[in-house]
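A short worksheet on the structure shown next.
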Amino acid sequence: MPKGWHRVGEPGLTVVLALPDGWTRKIRNGIQSNWTSPDGAHDMSVKRDTSYGATARAASAGQLAWYRDTAKSSMADVKAVSHTTRQNGRDALRLEIDYHWAGQSEPRKRVEVFVAGRAGQVYQLLFDTAAHPEKLATQRRLFTTARAQLLIDMGAPS
């Protein structure tokens with residue numbers, strides 16, 4: 001574990017994630033756990049569900065369609081690029097999303113990875129921040145470290 005980070009177990013999501021010290025939980029429910037940095041500049045979320053299918057590709061496509069529905073997501077002018085990748089030894093999909101909140105002009109950046117778990121659930125890890133160069137550099141470091149430390153299917157039925 002990198003210095004300044006610690007592990008957090010989310011048994012209901014069957015996931016263990018790494019967070020920088022000082023981050024606080026905003027939301028925890030049956031499908032997700034959301035955290036924010038001490039300065040409020042970065043948000044992190046881990047999600048596990050079957051809302052959009054049991055594969056990384058299906059889940060990411062469904063989530064992206066939801067983001068593009070401004071009435072539901074409050075996200076506007078969504079532009080996304082997807083990349084195939086590996087996560088936890090499995091095929092995965094990484095999304096890079098540029099957008100702004102409806103009614104606001106400040107550009108934002110969201111990076112996400114989707115990976116299917118053993119029980120037909122798809123895990124989604126994301127970081128979101130304002131799209132300023134210094135914040136984007138921090139976001140890249142946060143996302144890379146969190147991905148490297150992400151443990152899925154912790155206690156999930158086989």
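Ligands are numbered from 1 in the order shown, chains are lettered A, B, ... in the order of the structure tokens, and residues start at 1 in each chain.
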Near Ser45 in chain A, counting only C-alpha atoms, which residues have an atom at most 8 Å away, once you skip same-chain residues fewer than 3 positions from it, shown as a list in words?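 What passes the distance filter is Gln32, Ser33, Asn34, Trp35, Gln124, Leu125, Leu126 and Phe127 of chain A.
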Please provide the set of residues having any atom within 7 Å of range 15-19 of chain A, restricted to only C-alpha atoms, with same-chain residues fewer than 6 positions apart removed, written as a PDB file with N, CA, C and O atoms, in the first residue's frame.
```
ATOM      1  N   TRP A   5      -2.017   6.085   2.007  1.00  0.00           N
ATOM      2  CA  TRP A   5      -3.224   5.380   1.577  1.00  0.00           C
ATOM      3  C   TRP A   5      -3.563   4.302   2.599  1.00  0.00           C
ATOM      4  O   TRP A   5      -2.693   3.843   3.340  1.00  0.00           O
ATOM      5  N   HIS A   6      -4.817   3.882   2.607  1.00  0.00           N
ATOM      6  CA  HIS A   6      -5.246   2.785   3.468  1.00  0.00           C
ATOM      7  C   HIS A   6      -6.347   1.997   2.766  1.00  0.00           C
ATOM      8  O   HIS A   6      -6.985   2.488   1.842  1.00  0.00           O
ATOM      9  N   ARG A   7      -6.541   0.768   3.209  1.00  0.00           N
ATOM     10  CA  ARG A   7      -7.584  -0.092   2.634  1.00  0.00           C
ATOM     11  C   ARG A   7      -8.898   0.104   3.375  1.00  0.00           C
ATOM     12  O   ARG A   7      -8.915   0.290   4.589  1.00  0.00           O
ATOM     13  N   VAL A   8      -9.979   0.027   2.596  1.00  0.00           N
ATOM     14  CA  VAL A   8     -11.329   0.102   3.153  1.00  0.00           C
ATOM     15  C   VAL A   8     -12.115  -1.061   2.591  1.00  0.00           C
ATOM     16  O   VAL A   8     -12.196  -1.234   1.372  1.00  0.00           O
ATOM     17  N   GLY A   9     -12.689  -1.868   3.463  1.00  0.00           N
ATOM     18  CA  GLY A   9     -13.541  -2.960   3.027  1.00  0.00           C
ATOM     19  C   GLY A   9     -14.984  -2.504   2.928  1.00  0.00           C
ATOM     20  O   GLY A   9     -15.464  -1.766   3.784  1.00  0.00           O
ATOM     21  N   ALA A 146      -5.578   3.518  -7.167  1.00  0.00           N
ATOM     22  CA  ALA A 146      -6.796   2.822  -6.728  1.00  0.00           C
ATOM     23  C   ALA A 146      -7.030   1.559  -7.556  1.00  0.00           C
ATOM     24  O   ALA A 146      -7.408   0.517  -7.010  1.00  0.00           O
ATOM     25  N   GLN A 149      -4.801  -1.323  -6.477  1.00  0.00           N
ATOM     26  CA  GLN A 149      -5.098  -1.862  -5.149  1.00  0.00           C
ATOM     27  C   GLN A 149      -6.504  -2.454  -5.045  1.00  0.00           C
ATOM     28  O   GLN A 149      -6.857  -3.024  -4.015  1.00  0.00           O
ATOM     29  N   LEU A 150      -7.330  -2.343  -6.065  1.00  0.00           N
ATOM     30  CA  LEU A 150      -8.723  -2.791  -6.018  1.00  0.00           C
ATOM     31  C   LEU A 150      -8.815  -4.322  -5.931  1.00  0.00           C
ATOM     32  O   LEU A 150      -8.203  -5.031  -6.717  1.00  0.00           O
ATOM     33  N   LEU A 151      -9.562  -4.799  -4.957  1.00  0.00           N
ATOM     34  CA  LEU A 151      -9.800  -6.229  -4.782  1.00  0.00           C
ATOM     35  C   LEU A 151     -11.296  -6.489  -4.908  1.00  0.00           C
ATOM     36  O   LEU A 151     -12.084  -5.972  -4.108  1.00  0.00           O
ATOM     37  N   ILE A 152     -11.667  -7.265  -5.931  1.00  0.00           N
ATOM     38  CA  ILE A 152     -13.080  -7.548  -6.156  1.00  0.00           C
ATOM     39  C   ILE A 152     -13.415  -8.976  -5.735  1.00  0.00           C
ATOM     40  O   ILE A 152     -12.529  -9.790  -5.523  1.00  0.00           O
ATOM     41  N   ASP A 153     -14.717  -9.252  -5.641  1.00  0.00           N
ATOM     42  CA  ASP A 153     -15.208 -10.586  -5.284  1.00  0.00           C
ATOM     43  C   ASP A 153     -14.700 -11.055  -3.925  1.00  0.00           C
ATOM     44  O   ASP A 153     -14.469 -12.230  -3.698  1.00  0.00           O
ATOM     45  N   MET A 154     -14.531 -10.121  -3.021  1.00  0.00           N
ATOM     46  CA  MET A 154     -14.064 -10.457  -1.670  1.00  0.00           C
ATOM     47  C   MET A 154     -15.251 -11.000  -0.872  1.00  0.00           C
ATOM     48  O   MET A 154     -16.096 -10.249  -0.422  1.00  0.00           O
TER      49      MET A 154
END
```
I'd like the contact shell of Thr55 in chain A - 9 Å cut-off, only C-alpha atoms, skipping same-chain residues fewer than 3 positions apart - returned as a PDB file with N, CA, C and O atoms, in the first residue's frame.
```pdb
ATOM      1  N   THR A  50     -25.964  -5.083 -11.372  1.00  0.00           N
ATOM      2  CA  THR A  50     -26.295  -5.729 -12.646  1.00  0.00           C
ATOM      3  C   THR A  50     -27.229  -4.861 -13.483  1.00  0.00           C
ATOM      4  O   THR A  50     -27.860  -5.366 -14.408  1.00  0.00           O
ATOM      5  N   TYR A  52     -26.989  -2.863 -15.903  1.00  0.00           N
ATOM      6  CA  TYR A  52     -26.815  -2.781 -17.355  1.00  0.00           C
ATOM      7  C   TYR A  52     -26.205  -4.037 -17.959  1.00  0.00           C
ATOM      8  O   TYR A  52     -25.731  -4.009 -19.086  1.00  0.00           O
ATOM      9  N   ALA A  58     -21.169  -4.286 -21.601  1.00  0.00           N
ATOM     10  CA  ALA A  58     -22.595  -3.967 -21.454  1.00  0.00           C
ATOM     11  C   ALA A  58     -22.814  -2.940 -20.343  1.00  0.00           C
ATOM     12  O   ALA A  58     -23.588  -1.991 -20.510  1.00  0.00           O
ATOM     13  N   ALA A  59     -22.144  -3.131 -19.217  1.00  0.00           N
ATOM     14  CA  ALA A  59     -22.319  -2.216 -18.090  1.00  0.00           C
ATOM     15  C   ALA A  59     -21.840  -0.809 -18.437  1.00  0.00           C
ATOM     16  O   ALA A  59     -22.502   0.181 -18.111  1.00  0.00           O
ATOM     17  N   SER A  60     -20.708  -0.708 -19.106  1.00  0.00           N
ATOM     18  CA  SER A  60     -20.190   0.616 -19.454  1.00  0.00           C
ATOM     19  C   SER A  60     -21.087   1.301 -20.480  1.00  0.00           C
ATOM     20  O   SER A  60     -21.334   2.501 -20.390  1.00  0.00           O
ATOM     21  N   ALA A  92     -11.547  -5.893 -19.102  1.00  0.00           N
ATOM     22  CA  ALA A  92     -12.203  -4.729 -18.503  1.00  0.00           C
ATOM     23  C   ALA A  92     -12.321  -3.636 -19.553  1.00  0.00           C
ATOM     24  O   ALA A  92     -11.739  -3.726 -20.641  1.00  0.00           O
ATOM     25  N   PHE A 114     -14.564  -0.654 -15.629  1.00  0.00           N
ATOM     26  CA  PHE A 114     -15.622  -1.641 -15.416  1.00  0.00           C
ATOM     27  C   PHE A 114     -15.006  -3.022 -15.559  1.00  0.00           C
ATOM     28  O   PHE A 114     -14.299  -3.283 -16.532  1.00  0.00           O
ATOM     29  N   VAL A 115     -15.303  -3.912 -14.601  1.00  0.00           N
ATOM     30  CA  VAL A 115     -14.816  -5.284 -14.666  1.00  0.00           C
ATOM     31  C   VAL A 115     -15.887  -6.203 -14.093  1.00  0.00           C
ATOM     32  O   VAL A 115     -16.501  -5.899 -13.076  1.00  0.00           O
ATOM     33  N   ALA A 116     -16.126  -7.310 -14.793  1.00  0.00           N
ATOM     34  CA  ALA A 116     -17.136  -8.275 -14.335  1.00  0.00           C
ATOM     35  C   ALA A 116     -16.568  -9.126 -13.217  1.00  0.00           C
ATOM     36  O   ALA A 116     -15.437  -9.587 -13.273  1.00  0.00           O
ATOM     37  N   GLY A 117     -17.402  -9.344 -12.213  1.00  0.00           N
ATOM     38  CA  GLY A 117     -17.042 -10.222 -11.106  1.00  0.00           C
ATOM     39  C   GLY A 117     -17.577 -11.625 -11.335  1.00  0.00           C
ATOM     40  O   GLY A 117     -18.188 -11.922 -12.361  1.00  0.00           O
ATOM     41  N   GLY A 120     -21.859 -12.520 -11.584  1.00  0.00           N
ATOM     42  CA  GLY A 120     -22.713 -11.829 -12.551  1.00  0.00           C
ATOM     43  C   GLY A 120     -22.859 -10.343 -12.268  1.00  0.00           C
ATOM     44  O   GLY A 120     -23.642  -9.656 -12.913  1.00  0.00           O
ATOM     45  N   GLN A 121     -22.104  -9.847 -11.315  1.00  0.00           N
ATOM     46  CA  GLN A 121     -22.115  -8.427 -10.979  1.00  0.00           C
ATOM     47  C   GLN A 121     -20.954  -7.738 -11.702  1.00  0.00           C
ATOM     48  O   GLN A 121     -19.922  -8.357 -11.936  1.00  0.00           O
ATOM     49  N   VAL A 122     -21.122  -6.473 -12.031  1.00  0.00           N
ATOM     50  CA  VAL A 122     -20.030  -5.702 -12.630  1.00  0.00           C
ATOM     51  C   VAL A 122     -19.596  -4.639 -11.631  1.00  0.00           C
ATOM     52  O   VAL A 122     -20.420  -3.943 -11.046  1.00  0.00           O
TER      53      VAL A 122
END
```
Shortest interatomic distance to Ala71 in chain A - which of A:Ala102, A:Ala119, A:Leu95, A:Ala137, counting only C-alpha atoms: A:Ala102
List every residue of range 33-110 of chain A that DSSP, applied to the backbone, labels as strand (DSSP E or B), and write the result as number ranges by chain. A: 33-36, 42-49, 75-87, 90-101, 108-110
Run DSSP on the backbone and grab whatever in range 2-157 of chain A lands in helix (DSSP H, G or I); send it over as a VMD selection string. chain A and resid 11 to 13 56 to 68 70 to 73 133 to 149
